[in-house]
Protein chains: 2
Amino acid sequence: MEPGEQPAPPAANGGPVVPVFFLSDSTGISAETMGNALLIQFPEVRFERTLIPFIQTIKDARRVVRQLDEVMDGPVTPLVFCTAAEDVIRAELHRSRAPIIDFFDMHMERVEAVLGQRGARAAARLHGVGDIVRYNLRMAAVEFTIEHDDGQSLRALEKADVILLAPSRCGKTPTSMYLALQHGLFVANYPLVDEDLEATAMPRPVRPYLDRCFGLTTTAERLTRVRNERRPGSRYASLEQCRWELRRAEHLFGDYRVPVIDSSTKSVEEISTLILQTLKADARERDRHSEGKTS
Amino acid sequence: MEPGEQPAPPAANGGPVVPVFFLSDSTGISAETMGNALLIQFPEVRFERTLIPFIQTIKDARRVVRQLDEVMDGPVTPLVFCTAAEDVIRAELHRSRAPIIDFFDMHMERVEAVLGQRGARAAARLHGVGDIVRYNLRMAAVEFTIEHDDGQSLRALEKADVILLAPSRCGKTPTSMYLALQHGLFVANYPLVDEDLEATAMPRPVRPYLDRCFGLTTTAERLTRVRNERRPGSRYASLEQCRWELRRAEHLFGDYRVPVIDSSTKSVEEISTLILQTLKADARERDRHSEGKTS
């Protein structure tokens with residue numbers, strides 16, 4: 001170490017904390033997503049992340065280069081992920097002494113080669129308003145989904161793209177919000193309460209829409225823990241009650257062939273991906289049937 | 001064209017529709033995000049996107065290779081973006097005749113070089129539950145944010161990380177949901193109604209928390225259009241009323257130095273990024289002050 005240099009702060013495993021920078025000419029969501037997909041492969045290393053979004057002028061870029069080079073003078077080489085699209089901005093950023101992992105540069109050339117044309121290479125707003133029709137659809141979906149959260153409104157259920165069914169506290173709400181916000185789906189979620197679970201038939205309001213229903217389930221242990229946070233010691237939170245509700249819900253789902261997803265092992269992103277894949281497969285199936293009929 | 005081949009369907013600009021595949025061993029969110037960041041540079045080309053997530057076995061990979069090679073036999077070369085992390089899966093996928101743009105392969109080597117260690121190269125769940133503490137925080141944030149949507153609850157406002165202020169229909173709700181779901185922020189949103197806007201002081205409930213307040217604004221033209229969808233021809237939706245509300249809101253924001261973001265030109269992702277950057281800058285500022293005091 002040079003005199004005057006600070007030692008790097010120790011990480012959990014005793015190694016140095018590695019500075020990580022995400023550079024972008026827009027929100028940086030792509031740089032973060034792809035960069036983190038790589039960093040997750042190093043579970044032992046501690047990273048200190050800095051997002052620098054909206055790098056849109058040469059002046060912005062020069063300031064970033066100074067910031068990176070300062071870190072290069074420190075004891076730990078930083079990781080820098082970049083998705084800037086404009087050639088002049090990118091060229092400026094690459095003047096830094098820090099090694100830059102550029103998700104745009106070489107991949108863009110390959111895409112251009114396959115398409116046989118040159119890309120715009122302009123700061124593009126992938127996470128901007130972009131396609132205004134699609135953007136407005138997403139915003140409308142958030143509204144619909146909040147209105148139809150937790151069975152609050154059974155109006156306009158026929159407009160729902162997806163209806164999530166589950167006992168209370170199985171993860172319906174966050175999954176609904178994710179599907180609405182990221183995919184523009186109109187989602188209703190319907191809590192299966194005791195009287196629904198005592199019945200042998202699906203609740204009447206959702207019965208006409210079984211083709212768009214999905215069931216969520218979890219483990220009784222997890223459910224009792226989550227419910228105890230809300231109403232400690234209640235019958236509602238008891239292991240026995242949770243077991244009964246989950247068992248009854250699974251019967252209902254089985255009887256009506258409603259696809260079931262376990263939220264105890266899956267994130268909202270994973271649950272949403274599974275739901276979207278099922279919807280697409282169903283649509284393909286329907287297409288095949290209607291083709292069969294008309295041919 | 002070979003006999004029996006179907007011509008590619010024409011695109012908007014008369015060119016062929018280009019098939020695009022996103023391959024992943026998990027949700028495919030990274031592959032889609034990064035791939036779309038490249039595709040947006042070709043606004044004239046029409047793409048037909050297919051997501052193939054959860055490719056987790058050699059058998060899965062072989063099925064994908066068959067699917068890709070079938071498309072290769074067609075008239076238009078597909079674009080294939082891949083983020084599979086496991087070497088064996090990736091090797092299998094690369095057997096396809098389709099050109100694969102691999103976001104993982106070469107970048108992983110560079111990250112490994114900088115860190116001086118080999119990554120796990122295992123199917124990792126970036127969008128899985130992952131860090132359970134962070135995941136649970138995000139889920140709790142969604143709950144808090146729904147409870148505090150549209151001024152519904154003024155309880156526990158001191159727990160809010162962010163309070164969004166704006167007249168009705170300026171985009172508070174989707175922004176709140178995005179900040180909660182993606183960043184685990186507890187967001188309250190507070191509608192500025194006529195009586196708030198007639199006053200010269202900030203509404204009492206938010207006054208103790210001005211340091212975490214953000215104002216949203218939009219154009220009167222846009223606001224009147226959005227409100228007319230909901231209550232056509234009402235005073236609430238009139239251009240005059242919208243103008244007055246926005247002008248008054250901007251005065252209030254200015255008087256209290258509340259940062260203002262224009263939702264008419266920015267997406268929820270962009271608004272959220274700006275809010276997060278401001279929060280971070282404020283935190284740095286506070287750190288500097290407290291360092292100044294103690295030194």
# chains A, B, ... in the order shown; residues from 1 in each chain; ligands from 1
$ closest_atom_pairs --of "chain A" --to "chain B" --cutoff "8 Å" --atoms "only C-alpha atoms" --output "CSV"
residue,atom,partner,partner_atom,distance
A:Ser26,CA,B:Glu270,CA,7.9
A:Thr27,CA,B:Glu270,CA,5.9
A:Ser30,CA,B:Met34,CA,5.6
A:Ala31,CA,B:Met34,CA,7.8
A:Thr33,CA,B:Ser30,CA,5.7
A:Met34,CA,B:Ser30,CA,5.5
A:Asn36,CA,B:Leu126,CA,7.3
A:Ala37,CA,B:Leu126,CA,5.9
A:Leu38,CA,B:Met108,CA,6.4
A:Ile40,CA,B:Leu126,CA,6.7
A:Gln41,CA,B:Ala120,CA,5.0
A:Phe42,CA,B:Gly119,CA,5.4
A:Pro53,CA,B:Thr273,CA,7.8
A:Thr77,CA,B:Val114,CA,6.9
A:Pro78,CA,B:Val114,CA,7.8
A:Leu79,CA,B:Val114,CA,7.1
A:Ile101,CA,B:His107,CA,6.8
A:Phe103,CA,B:Phe103,CA,7.6
A:Phe104,CA,B:Leu38,CA,7.1
A:His107,CA,B:Ile101,CA,6.8
A:Met108,CA,B:Leu38,CA,6.4
A:Arg110,CA,B:Ile101,CA,7.4
A:Val111,CA,B:Leu79,CA,7.2
A:Val114,CA,B:Thr77,CA,6.9
A:Gly119,CA,B:Gln41,CA,5.1
A:Ala120,CA,B:Gln41,CA,5.0
A:Arg121,CA,B:Gln41,CA,6.1
A:Ala122,CA,B:Gln41,CA,7.1
A:Ala124,CA,B:Ile40,CA,6.9
A:Leu126,CA,B:Ala37,CA,5.9
A:His127,CA,B:Glu269,CA,6.0
A:Gly128,CA,B:Ser267,CA,5.0
A:Val129,CA,B:Ser267,CA,4.7
A:Met139,CA,B:Pro174,CA,6.3
A:Val142,CA,B:Pro174,CA,6.3
A:Glu143,CA,B:Pro174,CA,7.9
A:Ile146,CA,B:Ile146,CA,7.6
A:Thr173,CA,B:Glu143,CA,7.9
A:Pro174,CA,B:Met139,CA,6.3
A:Met177,CA,B:Met177,CA,7.5
A:Tyr178,CA,B:Leu181,CA,7.3
A:Leu181,CA,B:Tyr178,CA,7.3
A:Thr265,CA,B:Val129,CA,7.5
A:Lys266,CA,B:Val129,CA,6.2
A:Ser267,CA,B:Val129,CA,4.7
A:Val268,CA,B:Gly128,CA,7.9
A:Glu269,CA,B:His127,CA,6.0
A:Glu270,CA,B:Thr27,CA,5.9
A:Thr273,CA,B:Thr27,CA,6.1
$ select_by_dssp --residues "range 49-180 of chain A" --states "helix (DSSP H, G or I)" --output "ChimeraX atom specification"
/A:58-72,87-93,105-115,132-147,149-151,157-159,172-180
$ select_by_dssp --residues "range 121-215 of chain B" --states "strand (DSSP E or B)" --output "list in words"
Val162, Ile163, Leu164, Leu165, Ala166, Val187, Ala188, Asn189, Tyr190, Pro191, Cys213, Phe214 and Gly215 of chain B
$ atom_distance --atom1 "CA of Gly215 in chain A" --atom2 "CA of Ser176 in chain A"
12.2 Å
$ atom_distance --atom1 "CA of Ala201 in chain A" --atom2 "CA of Leu165 in chain A"
13.4 Å
$ residues_around --residues "Tyr190 in chain A" --least-positions-apart "5" --cutoff "9 Å" --atoms "only C-alpha atoms" --output "number ranges by chain"
A: 148-152, 154, 163-167, 172, 206
$ residues_around --residues "range 69-74 of chain B" --least-positions-apart "6" --cutoff "7 Å" --atoms "only C-alpha atoms" --output "ChimeraX atom specification"
/B:96-98
